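Peer 1: The structure under discussion is supplied below as structure tokens; questions concerning it will follow.
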Amino acid sequence: MGDVTPANQDQPSKSRPSKPSLPQGTRDFGPDVVQKRNFIFNTIRSVFELHGFQPLETPAMENLETLLGKYGEEGDKLIFKILNNGLGDPKNIDKARAAFENVLQGKNDRNLTERALKYDLTIPFARYVAMNHGRLAFPFRRYQVQPVWRADRPQRGRYREFYQCDADIVGSRSLLNEVELALVYSEVFRRLGIDVEIRINSRRILSALADVSGGQHLMIPLTVAIDKLDKIGHAGVAEEMQKLGIDANRSEQILQFISSTRTSVDASDDSLQFLGGSSQAAAGLEELRYVLSMLANTEAKNDVVVDFSLARGLNYYTGIIFEVRAENVQIGSIGGGGRYDDLTGLFGVPDLPGVGISFGVDRIYDVMEEMNLFPEAVHHGTMVLFFNLGDTEARTAFDFVRGLRKRGIASEIYHEASKLDKQFKYAEKKGIPYVVIIGSRELENKTCNVKNIISGDQKEVAFDELYNQFI
């Protein structure tokens, strides 16, 4: 007798499949959510195109060198880097180990990663303009609706993968562009039914604040500190400024200045006096006055306010900056942007000024859900379901399905002959308002039963009158 091996010995272990999950900070979107998001996207696109903007798309990934150094130290930390393919090749093992050591020391190493997921749409757009400027008609107006990725800490209204909707105008220094973009913001949110406050400031004023605080070397860290005002409060920002070497008295004066939100900017003698009569400050205040004066007779006049605490901590802004907040909802900004006159110079193409804005679609969605602002008509699913009561009946029903689709009515037939109760439950679960029943008796009489699931009304309709029930 040969050896007997126990049934469970030397057999592959059958491990229980792990429960599926999503990466933290990402989400699935079911049909209902996608339809609502598309309502937002389509509203924004329609306003963009009404103002003469053209669509553009760029790749999900960029070369790492394209992105690094464009968002400031804080932003660089949030860039998702992509490991080079081929790291499993034995020839690359030693290089990869050395590269990991460099990364652990806070350095970047091309032997480990050369590419990254895009952090926003603005820098990739600047790269596109730099590569194609000889073929573009300026001013070039583009809009872009694509996902971006940030290695941020997920929380309400903040995700690691999210969509941005951007509009930019490149090739013009005219402040009319800022006025146009303010109107775009105002019109979009009016159509969506969201009451907003569109805050504007000038980076020139922030530059003047740096001067009175100790010098231009403080511009970036001071801007970063001010940008945290909503998160860490008055005392927290004061502490941050004092860490920069700004004394307590001056820190308090700066906080009092930036906390004054205004709907108009007069000659601002007080502002100029506090800012030491700075030419930068005077130019910034003049920019703000111009934008407000141009908006004074428009629908946006009550939406736009000047906010000296607005900093927008991205290094590339040089002039007017924007931020949009929803009224009566605590969720952070739902839009932002500004002028970036030196942006394409980062890619070897100087003297191409630009200005742009971005919509935070995910936060806009959350605001509309919280405030119940989505219209009922946003759900564009199947309108009519034909029951399947057998092969002969299904062939007739299928002809009607095709006829309704040709007339623009979303229709479907149940996939197999089943009990009426099962087919009714399917219609109810999908939110289909009408069902059409064609059985053997109906075939003989050339009629069908049409039931409105919402109201419960049911009536018998002749075949030749069926289409008129839904058109």
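How things are named: the first chain in the structure tokens is A, the next is B, and so on; residues count from 1 in each chain; ligands count from 1 in the order shown.
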Just the residues within 8 Å of segment 276-282 of chain A, please, counting only C-alpha atoms, with nothing from its chain fewer than 5 positions along; format it as a ChimeraX atom specification.

Peer 2: /A:204-205,207-208,212

Peer 1: Pick out the residues sitting within 7 Å of Trp149 of chain A, and hand them over as a list in words; count only C-alpha atoms, and ignore anything fewer than 2 positions along from it in its own chain.

Peer 2: Phe80, Leu117, Lys118, Tyr119, Pro147, Ala151, Arg160, Glu161 and Phe162 of chain A

Peer 1: Create the file for the chosen residues now, containing C-alpha atoms and written as a PDB file, in the first residue's frame.

Peer 2:
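Contents of result36.pdb, as written:
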```pdb
ATOM      1  CA  PHE A  80       1.526  62.373  -5.824  1.00  0.00           C
ATOM      2  CA  LEU A 117      -0.116  63.025 -11.067  1.00  0.00           C
ATOM      3  CA  LYS A 118      -1.122  66.577 -11.801  1.00  0.00           C
ATOM      4  CA  TYR A 119      -1.779  68.733  -8.746  1.00  0.00           C
ATOM      5  CA  PRO A 147      -9.531  65.266 -12.281  1.00  0.00           C
ATOM      6  CA  ALA A 151      -1.780  63.811  -1.148  1.00  0.00           C
ATOM      7  CA  ARG A 160      -7.259  63.142  -2.749  1.00  0.00           C
ATOM      8  CA  GLU A 161      -8.853  62.780  -6.168  1.00  0.00           C
ATOM      9  CA  PHE A 162     -11.235  65.471  -7.310  1.00  0.00           C
TER      10      PHE A 162
END
```

Peer 1: What is the atom CA of Thr223 of chain A to atom CA of Glu74 of chain A distance in Å?

Peer 2: 11.7 Å

Peer 1: Between A:Leu352, A:Ala182, A:Met131, A:Ile232, which residue has the minimum interatomic distance to Val304 of chain A, considering only C-alpha atoms?

Peer 2: A:Ala182

Peer 1: From segment 361-434 of chain A, collect each residue whose DSSP state is strand (DSSP E or B) and return the set as a list in words.

Peer 2: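 Assigned to strand (DSSP E or B), within segment 361-434 of chain A: Val384, Leu385, Phe386, Ser411, Glu412, Ile413 and Tyr434 of chain A.
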
Peer 1: Just write the chosen residues, all heavy atoms, as a compact mmCIF listing (two decimals), in the first residue's frame.

Peer 2:
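And here is the file that came out, selection-v1.txt:
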```
# COMPACT_ATOMS: atom_id res chain seq x y z
N VAL A 384 -39.52 54.99 -19.61
CA VAL A 384 -40.55 53.97 -19.87
C VAL A 384 -39.92 52.59 -19.84
O VAL A 384 -38.91 52.34 -20.51
CB VAL A 384 -41.23 54.20 -21.24
CG1 VAL A 384 -42.37 53.20 -21.43
CG2 VAL A 384 -41.74 55.62 -21.37
N LEU A 385 -40.51 51.68 -19.06
CA LEU A 385 -40.09 50.28 -19.05
C LEU A 385 -41.21 49.42 -19.61
O LEU A 385 -42.35 49.48 -19.16
CB LEU A 385 -39.78 49.82 -17.62
CG LEU A 385 -39.50 48.32 -17.47
CD1 LEU A 385 -38.16 47.96 -18.11
CD2 LEU A 385 -39.52 47.89 -16.00
N PHE A 386 -40.88 48.62 -20.64
CA PHE A 386 -41.83 47.65 -21.18
C PHE A 386 -41.61 46.31 -20.48
O PHE A 386 -40.49 45.80 -20.43
CB PHE A 386 -41.62 47.49 -22.69
CG PHE A 386 -42.15 48.64 -23.50
CD1 PHE A 386 -41.45 49.84 -23.59
CD2 PHE A 386 -43.38 48.54 -24.15
CE1 PHE A 386 -41.94 50.89 -24.32
CE2 PHE A 386 -43.88 49.59 -24.89
CZ PHE A 386 -43.17 50.79 -24.98
N SER A 411 -36.01 54.59 -23.07
CA SER A 411 -36.87 53.42 -22.86
C SER A 411 -36.04 52.15 -22.80
O SER A 411 -34.93 52.09 -23.33
CB SER A 411 -37.89 53.28 -24.01
OG SER A 411 -38.56 54.50 -24.24
N GLU A 412 -36.62 51.13 -22.15
CA GLU A 412 -35.96 49.82 -22.14
C GLU A 412 -37.01 48.74 -21.96
O GLU A 412 -38.16 49.01 -21.57
CB GLU A 412 -34.91 49.73 -21.04
CG GLU A 412 -35.42 49.91 -19.63
CD GLU A 412 -34.32 49.77 -18.58
OE1 GLU A 412 -33.93 48.61 -18.31
OE2 GLU A 412 -33.89 50.80 -18.02
N ILE A 413 -36.61 47.49 -22.28
CA ILE A 413 -37.48 46.34 -22.07
C ILE A 413 -36.82 45.45 -21.03
O ILE A 413 -35.59 45.28 -21.04
CB ILE A 413 -37.73 45.58 -23.40
CG1 ILE A 413 -38.71 44.42 -23.17
CG2 ILE A 413 -36.44 45.12 -24.03
CD1 ILE A 413 -39.17 43.74 -24.46
N TYR A 434 -42.86 55.24 -15.75
CA TYR A 434 -43.93 54.57 -16.51
C TYR A 434 -43.56 53.13 -16.85
O TYR A 434 -42.41 52.84 -17.21
CB TYR A 434 -44.21 55.32 -17.82
CG TYR A 434 -44.79 56.69 -17.64
CD1 TYR A 434 -43.98 57.82 -17.68
CD2 TYR A 434 -46.16 56.86 -17.43
CE1 TYR A 434 -44.51 59.08 -17.51
CE2 TYR A 434 -46.70 58.12 -17.25
CZ TYR A 434 -45.86 59.23 -17.30
OH TYR A 434 -46.40 60.48 -17.13
```

Peer 1: In segment 175-373 of chain A, what's alpha helix (DSSP H) per DSSP? Answer as a PyMOL selection string?

Peer 2: chain A and resi 176-192+203-213+219-226+229-243+248-258+269-274+279-295+361-370

Peer 1: When distances are computed from only C-alpha atoms, which of A:Phe322, A:Tyr128, A:Phe53, A:Phe138 shows the smallest separation from Leu343 of chain A?

Peer 2: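 Closest residue, counting only C-alpha atoms: A:Tyr128.
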